[in-house]
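The block underneath contains the structure these notes are about, expressed in structure tokens.
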Amino acid sequence: MDGEPRERLWRAIAAAAEVPGRRESWAQAVCLACVDTLEQVDAAILALRGSARSEEVLGASDQWAAKLAELQYTVGEGPGVEAFEGGSPVLVPDLSVEQVRWPGFADAALALGVAAVFAFPFQFGAIKFGTLELVRRRPGGLASAEQRDAALAADLATAALLRQSLEAERAGQDFAPRPVASYQDVNIATGMLAAQLQVTLDDAFARLRAHAFSQDRSVLDVARDVLERLIALDELAE
Amino acid sequence: MSDHPVDGEPGTAPAELTGALVTITTRLVGSPDNATVLRLITEVGTGLLGATATGVLLTGVRGLEVVATSDETARFVELLQTHIEQGPCVDCIAAAAVVTAPDLAAERDRWPEFVPAALEAGYRSVVAVPLRLDGAAVGGFNLFYDTAVTMPQWQLDLAQVVSDLAVLALVQERGDRRADRLFEATVTALNDRVQLDQAVGLVAGTLGITLAEARARLTGYATEHRLVLREVTRAVTDGTLTPADLAG
């Protein structure tokens with residue numbers, strides 16, 4: 001049975017959203033299992049995505065992965081964004097040759113120590129809602145068996161998320177899984193900035209991003225400064 | 001050398017690379033029709049769950065129908081179950097619960113006609129997982145093994161996960177858009193959370209009040225005007241309702 005070495009991965013995906021006695025969430029367990037069973041993978045990120053500016057990171061295998069997710073959210077481009085928008089897996093075995101494709105993301109991710117990223121969309125027909133991203137510290141593609149299993153993991157995770165959504169509906173609730181990284185403060189700061197600068201929400205969000213990028217900070221840090229009123233508004237006015 | 005996603009443009013990648021990419025494209029992307037979902041469930045059964053063969057039965061207007069099997073032998077055994085209305089899948093649908101037969105030979109009394117035929121086909125054990133819809137079973141996912149097999153709980157869970165997806169995809173063909181609606185609900189709930197936070201920031205920033213006060217004004221306005229919170233936050237974020245209007 002060729003599925004045996006991946007047992008921990010399939011087991012994690014098949015598990016319920018909340019398992020009594022288990023500390024991590026379902027998504028977190030899936031990310032950890034990806035790293036554990038896919039030999040060439042150093043980190044994994046599982047994110048819900050609704051648009052370029054609505055994203056919740058449900059799982060990140062470690063702090064490094066969380067940082068990469070935040071970087072991609074800050075610059076608004078990268079393999080996960082592209083897999084979500086395009087609806088196909090985006091396989092990047094060597095990030096160092098992708099500066100033209102992602103001028104903002106590539107250099108910053110390389111500086112973090114990321115060398116390769118493989119992103120798989122969560123999609124059901126025309127409805128897209130997230131991605132599973134697998135990250136490597138060294139360049140190189142995934143072995144074909146690993147690629148196949150990663151794509152299968154994305155499909156099974158899609159099925160598992162549908163099931164969790166169904167359970168939430170039965171319980172009369174909105175499907176709101178617990179994120180490991182929430183960009184809630186960015187959304188609030190976006191609204192606040194739009195009000196104070198008299199600009200649109202899209203414009204306000206773009207200014208937060210641009211400021212973060214120019215200062216080499218994450219958009220979440222900048223947003224928190226806006227909320228704490230640590231940044232003078234005129235810094236963001238242009 | 002960089003990989004690009006399959007985009008249908010000929011000549012953008014060498015043939016062998018394109019071939020490799022096509023095979024890894026996730027199955028649910030594109031057209032999640034019955035065939036796609038049934039291929040996924042069959043693959044999970046014979047691949048991850050190590051079954052010798054699999055079959056999917058669905059209750060239709062004329063009784064049980066075979067909608068997918070991994071091979072011809074399994075098709076014969078599944079058709080037999082639908083004709084004699086006897087066997088693990090028939091029982092699994094009636095009870096809306098998993099039915100396992102780790103040693104088929106010991107079940108002759110339970111299924112006197114089914115067991116000899118299944119043994120003849122080379123199967124030694126069977127697991128039947130219900131395809132559930134609104135608490136009732138409308139079909140079953142069968143896994144046949146050529147050895148005695150007792151499935152661990154996680155494998156039963158995995159079989160149930162793909163069964164839950166399969167049933168929604170199968171009823172979708174009959175006009176029930178439930179799977180679409182559930183996936184859409186996931187996206188809508190996420191966008192609602194984002195929109196609420198942006199509205200809180202807009203109201204707090206405009207009126208110079210705290211975030212907690214801004215949140216309270218939004219929910220208060222919704223309650224007072226008997227509106228869903230989503231409608232209020234949408235009106236605030238698209239500018240049709242000004243933060244000052246919320247005060248009243």
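Chain identifiers are assigned as A, B, and so on, following the order in which chains appear in the structure tokens; residues are numbered from 1 within each chain, and ligands are numbered from 1 in order of appearance.
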
Non-local contacts of Ala43 in chain A (12 Å; only C-alpha atoms; under 6 positions in same chain excluded) as a PDB file with C-alpha atoms, in the first residue's frame:
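result.pdb, freshly written:
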ATOM      1  CA  GLN A  28      -2.570  23.148  12.147  1.00  0.00           C
ATOM      2  CA  VAL A  30      -2.678  19.027   8.626  1.00  0.00           C
ATOM      3  CA  CYS A  31       0.249  21.440   8.149  1.00  0.00           C
ATOM      4  CA  LEU A  32       2.408  19.618  10.693  1.00  0.00           C
ATOM      5  CA  ALA A  33       1.557  16.291   9.051  1.00  0.00           C
ATOM      6  CA  CYS A  34       2.547  17.657   5.611  1.00  0.00           C
ATOM      7  CA  VAL A  35       6.002  18.528   6.934  1.00  0.00           C
ATOM      8  CA  ASP A  36       6.257  15.221   8.724  1.00  0.00           C
ATOM      9  CA  THR A  37       5.286  12.957   5.834  1.00  0.00           C
ATOM     10  CA  GLY A  59      -2.504  26.587   9.763  1.00  0.00           C
ATOM     11  CA  ALA A  60       1.226  27.270   9.655  1.00  0.00           C
ATOM     12  CA  SER A  61       3.695  24.536  10.550  1.00  0.00           C
ATOM     13  CA  ASP A  62       6.021  26.941  12.396  1.00  0.00           C
ATOM     14  CA  GLN A  63       6.825  30.622  12.935  1.00  0.00           C
ATOM     15  CA  TRP A  64       8.854  30.716   9.742  1.00  0.00           C
ATOM     16  CA  ALA A  65       5.837  29.545   7.744  1.00  0.00           C
ATOM     17  CA  ALA A  66       3.627  32.116   9.477  1.00  0.00           C
ATOM     18  CA  LYS A  67       6.129  34.817   8.577  1.00  0.00           C
ATOM     19  CA  LEU A  68       6.115  33.773   4.933  1.00  0.00           C
ATOM     20  CA  ALA A  69       2.301  33.829   4.893  1.00  0.00           C
ATOM     21  CA  GLY A 113      15.418  31.664   3.456  1.00  0.00           C
ATOM     22  CA  VAL A 114      12.639  30.335   1.218  1.00  0.00           C
ATOM     23  CA  ALA A 115      13.949  28.578  -1.904  1.00  0.00           C
ATOM     24  CA  ALA A 116      10.935  26.759  -3.378  1.00  0.00           C
ATOM     25  CA  VAL A 117       7.158  26.925  -2.957  1.00  0.00           C
ATOM     26  CA  PHE A 118       4.386  24.615  -4.203  1.00  0.00           C
ATOM     27  CA  ALA A 119       0.873  26.010  -3.922  1.00  0.00           C
ATOM     28  CA  LEU A 132      -2.287  24.684   0.722  1.00  0.00           C
ATOM     29  CA  GLU A 133       1.315  25.842   0.306  1.00  0.00           C
ATOM     30  CA  LEU A 134       4.374  23.654   0.761  1.00  0.00           C
ATOM     31  CA  VAL A 135       7.716  25.366   1.285  1.00  0.00           C
ATOM     32  CA  ARG A 136      11.341  24.296   0.926  1.00  0.00           C
ATOM     33  CA  ARG A 137      14.562  25.856   2.196  1.00  0.00           C
ATOM     34  CA  ARG A 138      16.533  24.394  -0.689  1.00  0.00           C
TER      35      ARG A 138
END

List every residue of range 29-216 of chain B that DSSP, applied to the backbone of this structure, assigns to strand (DSSP E), and report them as a PDB file with N, CA and C atoms, in the first residue's frame.
ATOM      1  N   ALA B  53     -10.955  -3.419  -4.601  1.00  0.00           N
ATOM      2  CA  ALA B  53     -11.907  -2.815  -5.538  1.00  0.00           C
ATOM      3  C   ALA B  53     -12.894  -1.957  -4.753  1.00  0.00           C
ATOM      4  N   THR B  54     -13.537  -1.019  -5.457  1.00  0.00           N
ATOM      5  CA  THR B  54     -14.533  -0.167  -4.795  1.00  0.00           C
ATOM      6  C   THR B  54     -15.770  -0.027  -5.671  1.00  0.00           C
ATOM      7  N   GLY B  55     -16.866   0.372  -5.031  1.00  0.00           N
ATOM      8  CA  GLY B  55     -18.092   0.638  -5.782  1.00  0.00           C
ATOM      9  C   GLY B  55     -18.929   1.669  -5.058  1.00  0.00           C
ATOM     10  N   VAL B  56     -19.716   2.424  -5.816  1.00  0.00           N
ATOM     11  CA  VAL B  56     -20.616   3.416  -5.220  1.00  0.00           C
ATOM     12  C   VAL B  56     -22.029   3.122  -5.698  1.00  0.00           C
ATOM     13  N   LEU B  57     -22.954   2.986  -4.738  1.00  0.00           N
ATOM     14  CA  LEU B  57     -24.371   2.761  -5.057  1.00  0.00           C
ATOM     15  C   LEU B  57     -25.159   3.984  -4.621  1.00  0.00           C
ATOM     16  N   LEU B  58     -26.225   4.275  -5.362  1.00  0.00           N
ATOM     17  CA  LEU B  58     -27.062   5.424  -5.034  1.00  0.00           C
ATOM     18  C   LEU B  58     -28.530   5.012  -5.194  1.00  0.00           C
ATOM     19  N   THR B  59     -29.379   5.465  -4.272  1.00  0.00           N
ATOM     20  CA  THR B  59     -30.800   5.162  -4.426  1.00  0.00           C
ATOM     21  C   THR B  59     -31.387   6.123  -5.457  1.00  0.00           C
ATOM     22  N   GLY B  60     -32.008   5.560  -6.464  1.00  0.00           N
ATOM     23  CA  GLY B  60     -32.639   6.374  -7.508  1.00  0.00           C
ATOM     24  C   GLY B  60     -34.127   6.121  -7.497  1.00  0.00           C
ATOM     25  N   GLY B  63     -35.004   2.416  -7.412  1.00  0.00           N
ATOM     26  CA  GLY B  63     -34.269   1.615  -6.442  1.00  0.00           C
ATOM     27  C   GLY B  63     -32.787   1.892  -6.498  1.00  0.00           C
ATOM     28  N   LEU B  64     -32.002   0.941  -5.971  1.00  0.00           N
ATOM     29  CA  LEU B  64     -30.550   1.131  -5.915  1.00  0.00           C
ATOM     30  C   LEU B  64     -29.915   1.070  -7.298  1.00  0.00           C
ATOM     31  N   GLU B  65     -29.015   2.009  -7.558  1.00  0.00           N
ATOM     32  CA  GLU B  65     -28.294   2.007  -8.835  1.00  0.00           C
ATOM     33  C   GLU B  65     -26.790   2.010  -8.584  1.00  0.00           C
ATOM     34  N   VAL B  66     -26.060   1.322  -9.476  1.00  0.00           N
ATOM     35  CA  VAL B  66     -24.601   1.340  -9.399  1.00  0.00           C
ATOM     36  C   VAL B  66     -24.127   2.566 -10.175  1.00  0.00           C
ATOM     37  N   VAL B  67     -23.452   3.504  -9.498  1.00  0.00           N
ATOM     38  CA  VAL B  67     -22.995   4.695 -10.225  1.00  0.00           C
ATOM     39  C   VAL B  67     -21.505   4.662 -10.540  1.00  0.00           C
ATOM     40  N   ALA B  68     -20.728   3.864  -9.819  1.00  0.00           N
ATOM     41  CA  ALA B  68     -19.300   3.770 -10.138  1.00  0.00           C
ATOM     42  C   ALA B  68     -18.708   2.511  -9.532  1.00  0.00           C
ATOM     43  N   THR B  69     -17.778   1.892 -10.271  1.00  0.00           N
ATOM     44  CA  THR B  69     -17.004   0.786  -9.707  1.00  0.00           C
ATOM     45  C   THR B  69     -15.587   0.907 -10.251  1.00  0.00           C
ATOM     46  N   VAL B  99     -21.210  -0.450   7.795  1.00  0.00           N
ATOM     47  CA  VAL B  99     -21.335  -1.895   8.004  1.00  0.00           C
ATOM     48  C   VAL B  99     -20.000  -2.517   7.619  1.00  0.00           C
ATOM     49  N   THR B 100     -19.404  -3.285   8.532  1.00  0.00           N
ATOM     50  CA  THR B 100     -18.141  -3.932   8.206  1.00  0.00           C
ATOM     51  C   THR B 100     -18.299  -5.446   8.296  1.00  0.00           C
ATOM     52  N   ALA B 101     -17.649  -6.122   7.375  1.00  0.00           N
ATOM     53  CA  ALA B 101     -17.628  -7.588   7.399  1.00  0.00           C
ATOM     54  C   ALA B 101     -16.176  -8.016   7.230  1.00  0.00           C
ATOM     55  N   SER B 125     -13.257  -9.601   2.517  1.00  0.00           N
ATOM     56  CA  SER B 125     -13.882  -8.707   3.503  1.00  0.00           C
ATOM     57  C   SER B 125     -14.444  -7.475   2.803  1.00  0.00           C
ATOM     58  N   VAL B 126     -15.390  -6.830   3.476  1.00  0.00           N
ATOM     59  CA  VAL B 126     -16.090  -5.681   2.885  1.00  0.00           C
ATOM     60  C   VAL B 126     -16.331  -4.612   3.941  1.00  0.00           C
ATOM     61  N   VAL B 127     -16.209  -3.341   3.501  1.00  0.00           N
ATOM     62  CA  VAL B 127     -16.626  -2.219   4.356  1.00  0.00           C
ATOM     63  C   VAL B 127     -17.604  -1.385   3.532  1.00  0.00           C
ATOM     64  N   ALA B 128     -18.743  -1.044   4.116  1.00  0.00           N
ATOM     65  CA  ALA B 128     -19.723  -0.199   3.419  1.00  0.00           C
ATOM     66  C   ALA B 128     -19.958   1.063   4.232  1.00  0.00           C
ATOM     67  N   VAL B 129     -19.719   2.222   3.591  1.00  0.00           N
ATOM     68  CA  VAL B 129     -19.835   3.524   4.264  1.00  0.00           C
ATOM     69  C   VAL B 129     -21.039   4.259   3.670  1.00  0.00           C
ATOM     70  N   PRO B 130     -21.928   4.790   4.509  1.00  0.00           N
ATOM     71  CA  PRO B 130     -23.131   5.442   3.957  1.00  0.00           C
ATOM     72  C   PRO B 130     -22.849   6.790   3.290  1.00  0.00           C
ATOM     73  N   LEU B 131     -23.583   7.075   2.216  1.00  0.00           N
ATOM     74  CA  LEU B 131     -23.589   8.414   1.628  1.00  0.00           C
ATOM     75  C   LEU B 131     -24.795   9.099   2.275  1.00  0.00           C
ATOM     76  N   ARG B 132     -24.530  10.013   3.183  1.00  0.00           N
ATOM     77  CA  ARG B 132     -25.603  10.590   3.991  1.00  0.00           C
ATOM     78  C   ARG B 132     -26.046  11.953   3.483  1.00  0.00           C
ATOM     79  N   LEU B 133     -27.344  12.167   3.541  1.00  0.00           N
ATOM     80  CA  LEU B 133     -27.914  13.460   3.175  1.00  0.00           C
ATOM     81  C   LEU B 133     -29.047  13.729   4.159  1.00  0.00           C
ATOM     82  N   ALA B 136     -30.278  10.907   6.471  1.00  0.00           N
ATOM     83  CA  ALA B 136     -30.628   9.617   5.873  1.00  0.00           C
ATOM     84  C   ALA B 136     -29.513   9.192   4.917  1.00  0.00           C
ATOM     85  N   ALA B 137     -29.441   7.879   4.661  1.00  0.00           N
ATOM     86  CA  ALA B 137     -28.446   7.412   3.697  1.00  0.00           C
ATOM     87  C   ALA B 137     -29.118   7.319   2.335  1.00  0.00           C
ATOM     88  N   VAL B 138     -28.507   7.924   1.332  1.00  0.00           N
ATOM     89  CA  VAL B 138     -29.063   7.858  -0.025  1.00  0.00           C
ATOM     90  C   VAL B 138     -28.202   6.983  -0.925  1.00  0.00           C
ATOM     91  N   GLY B 139     -27.170   6.393  -0.346  1.00  0.00           N
ATOM     92  CA  GLY B 139     -26.304   5.520  -1.123  1.00  0.00           C
ATOM     93  C   GLY B 139     -25.213   4.972  -0.241  1.00  0.00           C
ATOM     94  N   GLY B 140     -24.253   4.284  -0.869  1.00  0.00           N
ATOM     95  CA  GLY B 140     -23.167   3.709  -0.086  1.00  0.00           C
ATOM     96  C   GLY B 140     -21.884   3.620  -0.881  1.00  0.00           C
ATOM     97  N   PHE B 141     -20.775   3.696  -0.156  1.00  0.00           N
ATOM     98  CA  PHE B 141     -19.439   3.562  -0.738  1.00  0.00           C
ATOM     99  C   PHE B 141     -18.896   2.236  -0.222  1.00  0.00           C
ATOM    100  N   ASN B 142     -18.632   1.297  -1.138  1.00  0.00           N
ATOM    101  CA  ASN B 142     -18.185  -0.045  -0.746  1.00  0.00           C
ATOM    102  C   ASN B 142     -16.715  -0.252  -1.032  1.00  0.00           C
ATOM    103  N   LEU B 143     -16.029  -0.853  -0.054  1.00  0.00           N
ATOM    104  CA  LEU B 143     -14.628  -1.202  -0.250  1.00  0.00           C
ATOM    105  C   LEU B 143     -14.498  -2.711  -0.105  1.00  0.00           C
ATOM    106  N   PHE B 144     -13.994  -3.357  -1.159  1.00  0.00           N
ATOM    107  CA  PHE B 144     -13.806  -4.811  -1.148  1.00  0.00           C
ATOM    108  C   PHE B 144     -12.324  -5.142  -1.005  1.00  0.00           C
ATOM    109  N   TYR B 145     -12.027  -6.117  -0.144  1.00  0.00           N
ATOM    110  CA  TYR B 145     -10.628  -6.529   0.078  1.00  0.00           C
ATOM    111  C   TYR B 145     -10.471  -8.013  -0.214  1.00  0.00           C
TER     112      TYR B 145
END

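The gap separating CA of Ala195 in chain A from CA of Gly205 in chain B is 5.4 Å, in Å to one decimal.
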
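Rounded to one decimal, CA of Phe114 in chain B and CA of Thr150 in chain B lie 19.7 Å from each other.
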
Based on only C-alpha atoms, which of the residues in chain A come within 7 Å of chain B? I want them as an NGL selection string. :A and (1 or 3 or 11 or 14-15 or 50 or 54 or 87-94 or 123-127 or 129 or 147-148 or 151-152 or 155 or 159-160 or 162-163 or 165-166 or 174-175 or 184 or 187-192 or 194-196)

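Counting only C-alpha atoms and comparing A:Glu39, A:Glu24, A:Glu70, A:Glu55, the residue that lies closest to Ser218 in chain A is A:Glu70.
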
Counting only C-alpha atoms, closest pick from A:Val219, A:Ala232, A:Leu95, A:Leu48 relative to Leu197 in chain A is A:Ala232

Expected answer as a count of residues only: alpha helix (DSSP H) residues in range 3-69 of chain A: 27

Who sits within 12 Å of Pro116 in chain B, only C-alpha atoms, same chain under 2 positions skipped, as a count of residues only: 21

Selection: 9 Å around Pro177 in chain A, only C-alpha atoms, excl. self and same-chain fewer than 2 positions, as a ChimeraX atom specification: /A:17,25,27,58,164,175,179

Please list as a list in words every residue within 9 Å of Gly104 in chain A, counting only C-alpha atoms and excluding residues in the same chain fewer than 2 positions away.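 The residues that qualify are Gln72, Val75, Gly76, Glu77, Gly78, Gln99, Trp102, Ala106, Asp107, Ala108, Ala109 and Phe213 of chain A.
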
Take the selection from the previous step and output its residues with N, CA and C atoms, as a PDB file, in the first residue's frame.
ATOM      1  N   GLN A  72       3.563  37.308   2.174  1.00  0.00           N
ATOM      2  CA  GLN A  72       2.792  37.205   0.937  1.00  0.00           C
ATOM      3  C   GLN A  72       1.538  38.082   1.009  1.00  0.00           C
ATOM      4  N   VAL A  75       2.705  41.821   0.527  1.00  0.00           N
ATOM      5  CA  VAL A  75       3.007  42.255  -0.838  1.00  0.00           C
ATOM      6  C   VAL A  75       1.866  41.960  -1.811  1.00  0.00           C
ATOM      7  N   GLY A  76       0.941  41.085  -1.404  1.00  0.00           N
ATOM      8  CA  GLY A  76      -0.227  40.829  -2.249  1.00  0.00           C
ATOM      9  C   GLY A  76       0.062  40.034  -3.506  1.00  0.00           C
ATOM     10  N   GLU A  77       1.167  39.325  -3.522  1.00  0.00           N
ATOM     11  CA  GLU A  77       1.504  38.474  -4.680  1.00  0.00           C
ATOM     12  C   GLU A  77       2.352  37.317  -4.198  1.00  0.00           C
ATOM     13  N   GLY A  78       2.412  36.288  -5.032  1.00  0.00           N
ATOM     14  CA  GLY A  78       3.208  35.115  -4.678  1.00  0.00           C
ATOM     15  C   GLY A  78       2.492  33.852  -5.130  1.00  0.00           C
ATOM     16  N   GLN A  99      12.082  36.694  -9.972  1.00  0.00           N
ATOM     17  CA  GLN A  99      11.989  38.112  -9.602  1.00  0.00           C
ATOM     18  C   GLN A  99      11.086  38.911 -10.536  1.00  0.00           C
ATOM     19  N   TRP A 102       7.308  37.927  -9.653  1.00  0.00           N
ATOM     20  CA  TRP A 102       6.854  38.508  -8.379  1.00  0.00           C
ATOM     21  C   TRP A 102       7.928  39.450  -7.831  1.00  0.00           C
ATOM     22  N   ALA A 106       9.448  37.762  -4.418  1.00  0.00           N
ATOM     23  CA  ALA A 106      10.583  36.856  -4.590  1.00  0.00           C
ATOM     24  C   ALA A 106      11.780  37.231  -3.712  1.00  0.00           C
ATOM     25  N   ASP A 107      12.229  38.473  -3.803  1.00  0.00           N
ATOM     26  CA  ASP A 107      13.427  38.861  -3.044  1.00  0.00           C
ATOM     27  C   ASP A 107      13.213  38.760  -1.541  1.00  0.00           C
ATOM     28  N   ALA A 108      12.046  39.224  -1.098  1.00  0.00           N
ATOM     29  CA  ALA A 108      11.763  39.201   0.337  1.00  0.00           C
ATOM     30  C   ALA A 108      11.680  37.769   0.859  1.00  0.00           C
ATOM     31  N   ALA A 109      11.070  36.877   0.070  1.00  0.00           N
ATOM     32  CA  ALA A 109      10.962  35.482   0.500  1.00  0.00           C
ATOM     33  C   ALA A 109      12.335  34.807   0.489  1.00  0.00           C
ATOM     34  N   PHE A 213       5.856  47.751   2.935  1.00  0.00           N
ATOM     35  CA  PHE A 213       6.882  47.272   2.019  1.00  0.00           C
ATOM     36  C   PHE A 213       8.095  48.199   2.016  1.00  0.00           C
TER      37      PHE A 213
END
